Amino acid sequence: MVGNEQVILEVKGLKTYFRTSHGEVRAVDGVDLSLSQGKTLGLIGESGCGKTVTSLSIMQLIKSPPGKIAGGQIQFQGRDLIRLSERELQQIRGNSIGMIFQEPMTSLNPVFTIGDQIMEPLMIHRKTSRAEAKEFTLELLYKVGIPMPEMRINEYPHQMSGGMKQRVMIGMAIACGPKVLIADEPTTALDVTMQAQIINLLYDLQKEMGMSILLITHDLGVIAEMAHQVAVMYASKVVEYASVEKLFEQPLHPYTIGLFESLPNLGDRERKLQAIRGQVPNPLNFPTGCKFWPRCPYADQKCRELEPALESIDSGRLVACWRVIDKSSNQPVYNPGKGDRERSDRAQVAESASATGALMEIKELKKFFSVKRNFWGRTQAWLKAVDGVSLSIKEGETLGLVGESGCGKTTVGRTILRLIDATQGDVFFEGASIFSLKSSSLRRMRQKMQIIFQDPYSSLNPRMTVGNIVGEALTTHGIAKGRERKELVENLFAKVGLSPSYIKRYPHEFSGGQRQRIGIARALALNPKFIVCDEVVSALDVSIQAQIMNLLEKLQEENHLSYLFIAHNLAVVEYICNHIAVMYLGQIVEQLPARELVKNAIHPYTRGLLYSNPVSNPSLRGRAALLKGDVPSPIHLPPGCRFHPRCAYAEEKCRKKEPELVKREKDHWVRCWVC
């Protein structure tokens, strides 16, 4: 697969099966992979395709029962890992092969300090003393970009941000200088700035240490930034294998093309996202023939009956698709016409919406949290989560609110709905002050305002059927009950693209994308005018993300909804929003029309976010991050401009005096002294 390059890890015909009460699940069914010395192999595909199970199989971490490696070989430096004893494997795991697990919070032990957790593999594999291990750990924390390592070494995981926990995981994985590093979704759900820092960190460590990296992700931008070779997995098998340059220049398999068509790109708002229809099939009931044919618009009878093998198309390029294999030339399987890709002009939608006036006005909103009290219960320190935010959302419009974690975005969304009480300011909805409403009036007002929460699983009651979850609001507000309620719930399920027959199922029986649709159905139940969308696509596969975004646009057009769309991915926000407000440490630092974001963004923070957003262009590999470090604590705010400690253009005035939000031109406001 990799030509004349030296192969350090090779997977041949790997099969990993799980025994369940419903039958045998073939999670990985004949996977071949080759990882070259000092290179990065990207493994991409939707959730449920077998990527993580492949990585756990390589590490021999499949628990038996119920799992088992049913066949194949995993060759590492001439040794088949499948045939090694547990004692021999212990000498390889964490020593020669390191792994960054998908979720750092659940992978780090909450009862041990991060120092102890990094020192452990050093003392086990390298037989160092505790003093030597501590000294090396301090160097390691500094290398992976942890500030003040002398203090952080004694902290526990819950005391660190998501980005720092991910850095700790990287430190643990590279502590013993492994030859191979397996990184399982190392940037999923992180801010774009932290994502860029993690990518650059891995890139630099690879060059410094000569590591080979198996990078598992569903983010094509991350693949473009890091990978040299790419394997595309679908339904337990590899369906396309190519160099990153060839794959991004011309994807061949319909599934790979579908992933690219589902991805929003900065500066390309007019292109309509072509979401892949349906979902990854249940591994208990894979379709006959090509496993992708039920979702492929170009499948023919041969695709339905015979499964294609992974065959060579040209040097180093493999594809499992009858439509490609049977062609004499290596042209794309399909090429959507321009008419299929156009979408309505969001700028025109915004202009027509502005004529109707503001649906919601947020004026000087503040929300402070008491975080430190003295012996007598008096507050000694405040966390200023939201500090003087003013925004206007027009009827039928989507306002995007972007920024890193800890900037106050979610607090704004919850405060304007009065899910938490404001410290100061006011919010007007259809001209009426929400904060002055009594409980009965607020109850009626809340029928018009709803929220779709960030985590669709934790926001759904696991003990209730999804039909009861969606219909609960109808009963609570006395709108419908009995048969009428059931019919309304079934109609809501149909509206969000779910089968009405699902209403008696429970949340755990659905995929992440389906649960998000259930959350949308619940928000639509009372026929609202305004919905807060809080990070509704941040952790979803690109294909499911496109489905949800297209659904939100469709519902907005049909019901004339207004959205506050909270996110940290600027490509997503630019695509779906009319206007964008950029938030930093509780304040709006820039506000402008979405169509102006790429061309006319002024504030250094906004430009840093834009630069940090991963782009699907392998030629831009190794860019230096513009934004350094983490967001400062909102308890101890910097003097002057709050962004000045991270700003490359800061002057003396920036360090002393806080700038105001000033209008630069029509619909464009900026808070900055130097821009």
# chains A, B, ... in the order shown; residues from 1 in each chain; ligands from 1
>>> residues_around(residues="range 553-564 of chain A", least_positions_apart="6", cutoff="10 Å", atoms="only C-alpha atoms", output="PDB file with all heavy atoms, in the first residue's frame")
ATOM      1  N   VAL A 349     -32.205  36.596   2.379  1.00  0.00           N
ATOM      2  CA  VAL A 349     -33.081  36.209   3.481  1.00  0.00           C
ATOM      3  C   VAL A 349     -32.915  37.166   4.644  1.00  0.00           C
ATOM      4  O   VAL A 349     -33.876  37.599   5.272  1.00  0.00           O
ATOM      5  CB  VAL A 349     -32.781  34.762   3.926  1.00  0.00           C
ATOM      6  CG1 VAL A 349     -33.572  34.408   5.176  1.00  0.00           C
ATOM      7  CG2 VAL A 349     -33.094  33.780   2.809  1.00  0.00           C
ATOM      8  N   ALA A 353     -35.644  39.712   6.230  1.00  0.00           N
ATOM      9  CA  ALA A 353     -35.977  39.560   7.642  1.00  0.00           C
ATOM     10  C   ALA A 353     -35.836  40.883   8.383  1.00  0.00           C
ATOM     11  O   ALA A 353     -36.612  41.188   9.283  1.00  0.00           O
ATOM     12  CB  ALA A 353     -35.070  38.506   8.278  1.00  0.00           C
ATOM     13  N   LEU A 359     -36.953  40.374  16.495  1.00  0.00           N
ATOM     14  CA  LEU A 359     -37.800  39.491  17.286  1.00  0.00           C
ATOM     15  C   LEU A 359     -37.318  39.487  18.733  1.00  0.00           C
ATOM     16  O   LEU A 359     -38.115  39.492  19.663  1.00  0.00           O
ATOM     17  CB  LEU A 359     -37.753  38.078  16.715  1.00  0.00           C
ATOM     18  CG  LEU A 359     -38.552  37.017  17.465  1.00  0.00           C
ATOM     19  CD1 LEU A 359     -40.048  37.251  17.262  1.00  0.00           C
ATOM     20  CD2 LEU A 359     -38.165  35.620  16.994  1.00  0.00           C
ATOM     21  N   MET A 360     -35.973  39.489  18.902  1.00  0.00           N
ATOM     22  CA  MET A 360     -35.384  39.487  20.249  1.00  0.00           C
ATOM     23  C   MET A 360     -34.299  40.546  20.337  1.00  0.00           C
ATOM     24  O   MET A 360     -33.465  40.669  19.439  1.00  0.00           O
ATOM     25  CB  MET A 360     -34.806  38.109  20.580  1.00  0.00           C
ATOM     26  CG  MET A 360     -34.094  38.058  21.929  1.00  0.00           C
ATOM     27  SD  MET A 360     -33.592  36.396  22.401  1.00  0.00           S
ATOM     28  CE  MET A 360     -35.164  35.722  22.942  1.00  0.00           C
ATOM     29  N   ILE A 393     -31.729  39.862  17.255  1.00  0.00           N
ATOM     30  CA  ILE A 393     -32.038  38.732  16.381  1.00  0.00           C
ATOM     31  C   ILE A 393     -33.359  39.023  15.681  1.00  0.00           C
ATOM     32  O   ILE A 393     -34.387  39.215  16.336  1.00  0.00           O
ATOM     33  CB  ILE A 393     -32.132  37.415  17.183  1.00  0.00           C
ATOM     34  CG1 ILE A 393     -30.834  37.184  17.964  1.00  0.00           C
ATOM     35  CG2 ILE A 393     -32.407  36.243  16.241  1.00  0.00           C
ATOM     36  CD1 ILE A 393     -30.899  36.031  18.932  1.00  0.00           C
ATOM     37  N   LYS A 394     -33.328  39.067  14.363  1.00  0.00           N
ATOM     38  CA  LYS A 394     -34.512  39.413  13.579  1.00  0.00           C
ATOM     39  C   LYS A 394     -35.356  38.176  13.290  1.00  0.00           C
ATOM     40  O   LYS A 394     -34.867  37.052  13.321  1.00  0.00           O
ATOM     41  CB  LYS A 394     -34.101  40.104  12.280  1.00  0.00           C
ATOM     42  CG  LYS A 394     -33.360  41.411  12.500  1.00  0.00           C
ATOM     43  CD  LYS A 394     -32.933  42.022  11.183  1.00  0.00           C
ATOM     44  CE  LYS A 394     -32.266  43.377  11.411  1.00  0.00           C
ATOM     45  NZ  LYS A 394     -31.009  43.256  12.180  1.00  0.00           N
ATOM     46  N   GLU A 395     -36.595  38.398  12.982  1.00  0.00           N
ATOM     47  CA  GLU A 395     -37.509  37.308  12.681  1.00  0.00           C
ATOM     48  C   GLU A 395     -37.053  36.573  11.419  1.00  0.00           C
ATOM     49  O   GLU A 395     -36.732  37.190  10.403  1.00  0.00           O
ATOM     50  CB  GLU A 395     -38.929  37.851  12.495  1.00  0.00           C
ATOM     51  CG  GLU A 395     -39.985  36.765  12.389  1.00  0.00           C
ATOM     52  CD  GLU A 395     -41.393  37.329  12.348  1.00  0.00           C
ATOM     53  OE1 GLU A 395     -41.560  38.545  12.612  1.00  0.00           O
ATOM     54  OE2 GLU A 395     -42.311  36.550  12.039  1.00  0.00           O
ATOM     55  N   GLY A 396     -37.003  35.248  11.493  1.00  0.00           N
ATOM     56  CA  GLY A 396     -36.579  34.435  10.361  1.00  0.00           C
ATOM     57  C   GLY A 396     -35.089  34.417  10.121  1.00  0.00           C
ATOM     58  O   GLY A 396     -34.628  33.900   9.104  1.00  0.00           O
ATOM     59  N   GLU A 397     -34.302  34.940  11.064  1.00  0.00           N
ATOM     60  CA  GLU A 397     -32.852  35.066  10.895  1.00  0.00           C
ATOM     61  C   GLU A 397     -32.121  34.121  11.839  1.00  0.00           C
ATOM     62  O   GLU A 397     -32.626  33.743  12.893  1.00  0.00           O
ATOM     63  CB  GLU A 397     -32.428  36.503  11.190  1.00  0.00           C
ATOM     64  CG  GLU A 397     -30.924  36.745  11.120  1.00  0.00           C
ATOM     65  CD  GLU A 397     -30.564  38.173  11.519  1.00  0.00           C
ATOM     66  OE1 GLU A 397     -30.837  39.073  10.718  1.00  0.00           O
ATOM     67  OE2 GLU A 397     -30.050  38.368  12.628  1.00  0.00           O
ATOM     68  N   THR A 398     -30.902  33.756  11.469  1.00  0.00           N
ATOM     69  CA  THR A 398     -30.019  32.971  12.329  1.00  0.00           C
ATOM     70  C   THR A 398     -28.811  33.819  12.710  1.00  0.00           C
ATOM     71  O   THR A 398     -28.085  34.290  11.841  1.00  0.00           O
ATOM     72  CB  THR A 398     -29.534  31.691  11.629  1.00  0.00           C
ATOM     73  OG1 THR A 398     -30.664  30.904  11.262  1.00  0.00           O
ATOM     74  CG2 THR A 398     -28.648  30.873  12.549  1.00  0.00           C
ATOM     75  N   LEU A 399     -28.634  34.021  14.013  1.00  0.00           N
ATOM     76  CA  LEU A 399     -27.465  34.733  14.525  1.00  0.00           C
ATOM     77  C   LEU A 399     -26.508  33.710  15.109  1.00  0.00           C
ATOM     78  O   LEU A 399     -26.873  32.930  15.994  1.00  0.00           O
ATOM     79  CB  LEU A 399     -27.872  35.736  15.603  1.00  0.00           C
ATOM     80  CG  LEU A 399     -26.709  36.428  16.339  1.00  0.00           C
ATOM     81  CD1 LEU A 399     -25.920  37.319  15.381  1.00  0.00           C
ATOM     82  CD2 LEU A 399     -27.215  37.238  17.531  1.00  0.00           C
ATOM     83  N   GLY A 400     -25.288  33.687  14.616  1.00  0.00           N
ATOM     84  CA  GLY A 400     -24.277  32.774  15.126  1.00  0.00           C
ATOM     85  C   GLY A 400     -23.495  33.408  16.257  1.00  0.00           C
ATOM     86  O   GLY A 400     -23.105  34.577  16.178  1.00  0.00           O
ATOM     87  N   LEU A 401     -23.264  32.650  17.324  1.00  0.00           N
ATOM     88  CA  LEU A 401     -22.470  33.106  18.464  1.00  0.00           C
ATOM     89  C   LEU A 401     -21.290  32.159  18.598  1.00  0.00           C
ATOM     90  O   LEU A 401     -21.464  30.974  18.911  1.00  0.00           O
ATOM     91  CB  LEU A 401     -23.320  33.109  19.738  1.00  0.00           C
ATOM     92  CG  LEU A 401     -22.717  33.763  20.992  1.00  0.00           C
ATOM     93  CD1 LEU A 401     -22.375  35.231  20.725  1.00  0.00           C
ATOM     94  CD2 LEU A 401     -23.674  33.647  22.165  1.00  0.00           C
ATOM     95  N   VAL A 412     -25.040  32.787  27.768  1.00  0.00           N
ATOM     96  CA  VAL A 412     -25.930  33.736  27.084  1.00  0.00           C
ATOM     97  C   VAL A 412     -27.222  33.039  26.686  1.00  0.00           C
ATOM     98  O   VAL A 412     -28.324  33.531  26.950  1.00  0.00           O
ATOM     99  CB  VAL A 412     -25.239  34.344  25.840  1.00  0.00           C
ATOM    100  CG1 VAL A 412     -26.249  35.115  24.987  1.00  0.00           C
ATOM    101  CG2 VAL A 412     -24.115  35.275  26.253  1.00  0.00           C
ATOM    102  N   GLY A 413     -27.097  31.860  26.043  1.00  0.00           N
ATOM    103  CA  GLY A 413     -28.274  31.133  25.585  1.00  0.00           C
ATOM    104  C   GLY A 413     -29.211  30.758  26.718  1.00  0.00           C
ATOM    105  O   GLY A 413     -30.439  30.894  26.608  1.00  0.00           O
ATOM    106  N   MET A 449     -40.338  30.112  22.853  1.00  0.00           N
ATOM    107  CA  MET A 449     -38.875  30.065  22.919  1.00  0.00           C
ATOM    108  C   MET A 449     -38.439  28.688  23.410  1.00  0.00           C
ATOM    109  O   MET A 449     -38.873  28.242  24.471  1.00  0.00           O
ATOM    110  CB  MET A 449     -38.340  31.137  23.868  1.00  0.00           C
ATOM    111  CG  MET A 449     -38.745  32.549  23.514  1.00  0.00           C
ATOM    112  SD  MET A 449     -37.977  33.755  24.624  1.00  0.00           S
ATOM    113  CE  MET A 449     -38.638  33.235  26.204  1.00  0.00           C
ATOM    114  N   GLN A 450     -37.571  28.030  22.664  1.00  0.00           N
ATOM    115  CA  GLN A 450     -37.128  26.692  23.018  1.00  0.00           C
ATOM    116  C   GLN A 450     -35.610  26.589  22.860  1.00  0.00           C
ATOM    117  O   GLN A 450     -34.960  27.499  22.351  1.00  0.00           O
ATOM    118  CB  GLN A 450     -37.826  25.648  22.146  1.00  0.00           C
ATOM    119  CG  GLN A 450     -39.320  25.520  22.397  1.00  0.00           C
ATOM    120  CD  GLN A 450     -39.633  24.966  23.770  1.00  0.00           C
ATOM    121  OE1 GLN A 450     -39.084  23.938  24.172  1.00  0.00           O
ATOM    122  NE2 GLN A 450     -40.515  25.631  24.500  1.00  0.00           N
ATOM    123  N   ILE A 451     -35.056  25.440  23.303  1.00  0.00           N
ATOM    124  CA  ILE A 451     -33.610  25.217  23.216  1.00  0.00           C
ATOM    125  C   ILE A 451     -33.343  23.781  22.783  1.00  0.00           C
ATOM    126  O   ILE A 451     -34.059  22.858  23.169  1.00  0.00           O
ATOM    127  CB  ILE A 451     -32.920  25.520  24.572  1.00  0.00           C
ATOM    128  CG1 ILE A 451     -31.396  25.381  24.453  1.00  0.00           C
ATOM    129  CG2 ILE A 451     -33.471  24.637  25.685  1.00  0.00           C
ATOM    130  CD1 ILE A 451     -30.631  25.887  25.670  1.00  0.00           C
ATOM    131  N   LYS A 495     -41.610  15.081  10.544  1.00  0.00           N
ATOM    132  CA  LYS A 495     -41.069  16.376  10.124  1.00  0.00           C
ATOM    133  C   LYS A 495     -39.554  16.425  10.256  1.00  0.00           C
ATOM    134  O   LYS A 495     -38.862  17.050   9.430  1.00  0.00           O
ATOM    135  CB  LYS A 495     -41.708  17.496  10.947  1.00  0.00           C
ATOM    136  CG  LYS A 495     -41.245  18.884  10.562  1.00  0.00           C
ATOM    137  CD  LYS A 495     -41.964  19.972  11.337  1.00  0.00           C
ATOM    138  CE  LYS A 495     -43.361  20.186  10.802  1.00  0.00           C
ATOM    139  NZ  LYS A 495     -44.001  21.391  11.387  1.00  0.00           N
ATOM    140  N   VAL A 496     -38.999  15.773  11.293  1.00  0.00           N
ATOM    141  CA  VAL A 496     -37.545  15.802  11.498  1.00  0.00           C
ATOM    142  C   VAL A 496     -36.860  14.585  10.882  1.00  0.00           C
ATOM    143  O   VAL A 496     -35.679  14.324  11.139  1.00  0.00           O
ATOM    144  CB  VAL A 496     -37.190  15.911  12.997  1.00  0.00           C
ATOM    145  CG1 VAL A 496     -37.744  17.187  13.584  1.00  0.00           C
ATOM    146  CG2 VAL A 496     -37.672  14.688  13.776  1.00  0.00           C
ATOM    147  N   ILE A 520     -34.580  18.116  18.405  1.00  0.00           N
ATOM    148  CA  ILE A 520     -35.193  19.133  17.546  1.00  0.00           C
ATOM    149  C   ILE A 520     -36.708  18.976  17.549  1.00  0.00           C
ATOM    150  O   ILE A 520     -37.448  19.970  17.626  1.00  0.00           O
ATOM    151  CB  ILE A 520     -34.632  19.032  16.111  1.00  0.00           C
ATOM    152  CG1 ILE A 520     -33.133  19.376  16.100  1.00  0.00           C
ATOM    153  CG2 ILE A 520     -35.390  19.947  15.157  1.00  0.00           C
ATOM    154  CD1 ILE A 520     -32.443  19.106  14.779  1.00  0.00           C
ATOM    155  N   LEU A 524     -39.604  21.696  18.681  1.00  0.00           N
ATOM    156  CA  LEU A 524     -40.648  22.151  17.757  1.00  0.00           C
ATOM    157  C   LEU A 524     -42.066  21.871  18.263  1.00  0.00           C
ATOM    158  O   LEU A 524     -43.032  22.373  17.682  1.00  0.00           O
ATOM    159  CB  LEU A 524     -40.480  21.474  16.400  1.00  0.00           C
ATOM    160  CG  LEU A 524     -39.247  21.854  15.572  1.00  0.00           C
ATOM    161  CD1 LEU A 524     -39.146  20.938  14.370  1.00  0.00           C
ATOM    162  CD2 LEU A 524     -39.320  23.304  15.137  1.00  0.00           C
ATOM    163  N   ASN A 527     -44.515  24.671  18.661  1.00  0.00           N
ATOM    164  CA  ASN A 527     -44.549  25.609  17.533  1.00  0.00           C
ATOM    165  C   ASN A 527     -43.920  26.956  17.899  1.00  0.00           C
ATOM    166  O   ASN A 527     -44.554  28.014  17.797  1.00  0.00           O
ATOM    167  CB  ASN A 527     -45.995  25.816  17.060  1.00  0.00           C
ATOM    168  CG  ASN A 527     -46.056  26.468  15.688  1.00  0.00           C
ATOM    169  OD1 ASN A 527     -45.133  26.346  14.894  1.00  0.00           O
ATOM    170  ND2 ASN A 527     -47.144  27.175  15.423  1.00  0.00           N
ATOM    171  N   PRO A 528     -42.640  26.943  18.314  1.00  0.00           N
ATOM    172  CA  PRO A 528     -41.994  28.188  18.774  1.00  0.00           C
ATOM    173  C   PRO A 528     -41.645  29.115  17.619  1.00  0.00           C
ATOM    174  O   PRO A 528     -41.667  28.722  16.445  1.00  0.00           O
ATOM    175  CB  PRO A 528     -40.730  27.673  19.461  1.00  0.00           C
ATOM    176  CG  PRO A 528     -40.385  26.447  18.687  1.00  0.00           C
ATOM    177  CD  PRO A 528     -41.708  25.813  18.322  1.00  0.00           C
ATOM    178  N   LYS A 529     -41.269  30.343  17.983  1.00  0.00           N
ATOM    179  CA  LYS A 529     -40.764  31.304  17.008  1.00  0.00           C
ATOM    180  C   LYS A 529     -39.240  31.428  17.079  1.00  0.00           C
ATOM    181  O   LYS A 529     -38.611  31.890  16.128  1.00  0.00           O
ATOM    182  CB  LYS A 529     -41.389  32.677  17.256  1.00  0.00           C
ATOM    183  CG  LYS A 529     -42.865  32.766  16.917  1.00  0.00           C
ATOM    184  CD  LYS A 529     -43.345  34.202  17.025  1.00  0.00           C
ATOM    185  CE  LYS A 529     -44.794  34.344  16.559  1.00  0.00           C
ATOM    186  NZ  LYS A 529     -45.254  35.753  16.631  1.00  0.00           N
ATOM    187  N   PHE A 530     -38.679  31.036  18.219  1.00  0.00           N
ATOM    188  CA  PHE A 530     -37.247  31.247  18.457  1.00  0.00           C
ATOM    189  C   PHE A 530     -36.659  30.015  19.144  1.00  0.00           C
ATOM    190  O   PHE A 530     -37.253  29.467  20.078  1.00  0.00           O
ATOM    191  CB  PHE A 530     -37.041  32.478  19.344  1.00  0.00           C
ATOM    192  CG  PHE A 530     -35.624  32.683  19.817  1.00  0.00           C
ATOM    193  CD1 PHE A 530     -34.656  33.140  18.943  1.00  0.00           C
ATOM    194  CD2 PHE A 530     -35.274  32.406  21.124  1.00  0.00           C
ATOM    195  CE1 PHE A 530     -33.351  33.325  19.375  1.00  0.00           C
ATOM    196  CE2 PHE A 530     -33.971  32.594  21.567  1.00  0.00           C
ATOM    197  CZ  PHE A 530     -33.008  33.047  20.688  1.00  0.00           C
ATOM    198  N   ILE A 531     -35.483  29.553  18.647  1.00  0.00           N
ATOM    199  CA  ILE A 531     -34.817  28.383  19.220  1.00  0.00           C
ATOM    200  C   ILE A 531     -33.333  28.690  19.434  1.00  0.00           C
ATOM    201  O   ILE A 531     -32.666  29.201  18.536  1.00  0.00           O
ATOM    202  CB  ILE A 531     -34.958  27.145  18.313  1.00  0.00           C
ATOM    203  CG1 ILE A 531     -36.432  26.770  18.126  1.00  0.00           C
ATOM    204  CG2 ILE A 531     -34.198  25.955  18.898  1.00  0.00           C
ATOM    205  CD1 ILE A 531     -36.649  25.591  17.186  1.00  0.00           C
ATOM    206  N   VAL A 532     -32.835  28.362  20.617  1.00  0.00           N
ATOM    207  CA  VAL A 532     -31.401  28.405  20.894  1.00  0.00           C
ATOM    208  C   VAL A 532     -30.818  27.044  20.516  1.00  0.00           C
ATOM    209  O   VAL A 532     -31.231  26.008  21.052  1.00  0.00           O
ATOM    210  CB  VAL A 532     -31.118  28.701  22.385  1.00  0.00           C
ATOM    211  CG1 VAL A 532     -29.620  28.592  22.672  1.00  0.00           C
ATOM    212  CG2 VAL A 532     -31.617  30.087  22.757  1.00  0.00           C
ATOM    213  N   CYS A 533     -29.881  27.035  19.573  1.00  0.00           N
ATOM    214  CA  CYS A 533     -29.211  25.799  19.136  1.00  0.00           C
ATOM    215  C   CYS A 533     -27.805  25.796  19.740  1.00  0.00           C
ATOM    216  O   CYS A 533     -26.922  26.504  19.262  1.00  0.00           O
ATOM    217  CB  CYS A 533     -29.119  25.738  17.611  1.00  0.00           C
ATOM    218  SG  CYS A 533     -30.709  25.840  16.771  1.00  0.00           S
ATOM    219  N   ASP A 534     -27.617  25.024  20.819  1.00  0.00           N
ATOM    220  CA  ASP A 534     -26.363  25.054  21.570  1.00  0.00           C
ATOM    221  C   ASP A 534     -25.451  23.912  21.133  1.00  0.00           C
ATOM    222  O   ASP A 534     -25.626  22.770  21.549  1.00  0.00           O
ATOM    223  CB  ASP A 534     -26.662  24.957  23.070  1.00  0.00           C
ATOM    224  CG  ASP A 534     -25.413  25.175  23.926  1.00  0.00           C
ATOM    225  OD1 ASP A 534     -24.362  25.527  23.354  1.00  0.00           O
ATOM    226  OD2 ASP A 534     -25.490  24.985  25.157  1.00  0.00           O
ATOM    227  N   ILE A 576     -24.556  28.460   7.940  1.00  0.00           N
ATOM    228  CA  ILE A 576     -25.963  28.419   8.325  1.00  0.00           C
ATOM    229  C   ILE A 576     -26.499  29.757   8.818  1.00  0.00           C
ATOM    230  O   ILE A 576     -27.716  29.958   8.876  1.00  0.00           O
ATOM    231  CB  ILE A 576     -26.191  27.330   9.406  1.00  0.00           C
ATOM    232  CG1 ILE A 576     -27.665  26.915   9.445  1.00  0.00           C
ATOM    233  CG2 ILE A 576     -25.701  27.793  10.780  1.00  0.00           C
ATOM    234  CD1 ILE A 576     -27.928  25.678  10.279  1.00  0.00           C
ATOM    235  N   CYS A 577     -25.632  30.716   9.141  1.00  0.00           N
ATOM    236  CA  CYS A 577     -26.065  31.955   9.799  1.00  0.00           C
ATOM    237  C   CYS A 577     -26.171  33.131   8.830  1.00  0.00           C
ATOM    238  O   CYS A 577     -25.540  33.156   7.772  1.00  0.00           O
ATOM    239  CB  CYS A 577     -25.117  32.317  10.943  1.00  0.00           C
ATOM    240  SG  CYS A 577     -25.106  31.088  12.265  1.00  0.00           S
ATOM    241  N   ASN A 578     -26.965  34.133   9.242  1.00  0.00           N
ATOM    242  CA  ASN A 578     -27.048  35.406   8.526  1.00  0.00           C
ATOM    243  C   ASN A 578     -26.042  36.404   9.068  1.00  0.00           C
ATOM    244  O   ASN A 578     -25.379  37.118   8.315  1.00  0.00           O
ATOM    245  CB  ASN A 578     -28.453  35.998   8.653  1.00  0.00           C
ATOM    246  CG  ASN A 578     -29.532  35.040   8.203  1.00  0.00           C
ATOM    247  OD1 ASN A 578     -30.301  34.547   9.009  1.00  0.00           O
ATOM    248  ND2 ASN A 578     -29.593  34.746   6.915  1.00  0.00           N
ATOM    249  N   ILE A 580     -23.017  37.028  12.424  1.00  0.00           N
ATOM    250  CA  ILE A 580     -22.144  36.319  13.365  1.00  0.00           C
ATOM    251  C   ILE A 580     -21.654  37.293  14.425  1.00  0.00           C
ATOM    252  O   ILE A 580     -21.203  38.404  14.109  1.00  0.00           O
ATOM    253  CB  ILE A 580     -20.942  35.684  12.641  1.00  0.00           C
ATOM    254  CG1 ILE A 580     -21.426  34.605  11.667  1.00  0.00           C
ATOM    255  CG2 ILE A 580     -19.950  35.087  13.638  1.00  0.00           C
ATOM    256  CD1 ILE A 580     -20.331  34.037  10.781  1.00  0.00           C
TER     257      ILE A 580
END
>>> closest_atom_pairs(of="range 505-541 of chain A", to="range 485-490 of chain A", cutoff="9 Å", atoms="only C-alpha atoms", output="JSON lines")
{"residue": "A:Ala521", "atom": "CA", "partner": "A:Val489", "partner_atom": "CA", "distance": 8.2}
{"residue": "A:Arg522", "atom": "CA", "partner": "A:Val489", "partner_atom": "CA", "distance": 8.9}
{"residue": "A:Ala525", "atom": "CA", "partner": "A:Val489", "partner_atom": "CA", "distance": 7.6}
>>> write_last_selection(atoms="N, CA and C atoms", output="PDB file, in the first residue's frame")
ATOM      1  N   ALA A 521     -37.196  17.727  17.474  1.00  0.00           N
ATOM      2  CA  ALA A 521     -38.641  17.495  17.516  1.00  0.00           C
ATOM      3  C   ALA A 521     -39.239  18.011  18.817  1.00  0.00           C
ATOM      4  N   ARG A 522     -38.551  17.793  19.925  1.00  0.00           N
ATOM      5  CA  ARG A 522     -39.033  18.290  21.221  1.00  0.00           C
ATOM      6  C   ARG A 522     -39.097  19.816  21.222  1.00  0.00           C
ATOM      7  N   ALA A 525     -42.184  21.078  19.322  1.00  0.00           N
ATOM      8  CA  ALA A 525     -43.494  20.591  19.757  1.00  0.00           C
ATOM      9  C   ALA A 525     -44.499  21.705  20.018  1.00  0.00           C
TER      10      ALA A 525
END
>>> residues_around(residues="Met226 in chain A", least_positions_apart="5", cutoff="12 Å", atoms="only C-alpha atoms", output="PyMOL selection string")
chain A and resi 38-43+183+196+198-207+212-217+219-221+243-245+614-623
>>> residues_around(residues="Leu627 in chain A", least_positions_apart="3", cutoff="7 Å", atoms="only C-alpha atoms", output="list in words")
Thr193, Gly608 and Arg646 of chain A
>>> write_last_selection(atoms="all heavy atoms", output="JSON list (two decimals), in the first residue's frame")
[["chain", "number", "residue", "atom", "x", "y", "z"],
["A", 193, "THR", "N", -9.31, 26.58, 17.99],
["A", 193, "THR", "CA", -7.98, 27.04, 18.39],
["A", 193, "THR", "C", -7.22, 25.94, 19.11],
["A", 193, "THR", "O", -6.05, 25.69, 18.85],
["A", 193, "THR", "CB", -8.09, 28.27, 19.31],
["A", 193, "THR", "OG1", -9.00, 27.97, 20.38],
["A", 193, "THR", "CG2", -8.60, 29.46, 18.56],
["A", 608, "GLY", "N", -7.80, 34.97, 14.20],
["A", 608, "GLY", "CA", -7.15, 33.79, 14.77],
["A", 608, "GLY", "C", -8.04, 32.56, 14.70],
["A", 608, "GLY", "O", -7.58, 31.46, 14.40],
["A", 646, "ARG", "N", -2.94, 37.49, 24.52],
["A", 646, "ARG", "CA", -2.78, 36.51, 23.43],
["A", 646, "ARG", "C", -2.68, 37.20, 22.06],
["A", 646, "ARG", "O", -2.62, 36.51, 21.05],
["A", 646, "ARG", "CB", -3.96, 35.55, 23.43],
["A", 646, "ARG", "CG", -4.16, 34.79, 24.71],
["A", 646, "ARG", "CD", -5.44, 33.98, 24.70],
["A", 646, "ARG", "NE", -5.37, 32.85, 23.79],
["A", 646, "ARG", "CZ", -6.43, 32.13, 23.44],
["A", 646, "ARG", "NH1", -7.64, 32.44, 23.88],
["A", 646, "ARG", "NH2", -6.29, 31.11, 22.61]]
>>> residues_around(residues="range 75-77 of chain A", least_positions_apart="6", cutoff="6 Å", atoms="only C-alpha atoms", output="ChimeraX atom specification")
/A:8-10
>>> residues_around(residues="Ala567 in chain A", least_positions_apart="6", cutoff="10 Å", atoms="only C-alpha atoms", output="PyMOL selection string")
chain A and resi 191+400-405+409-410+454+533-538+573
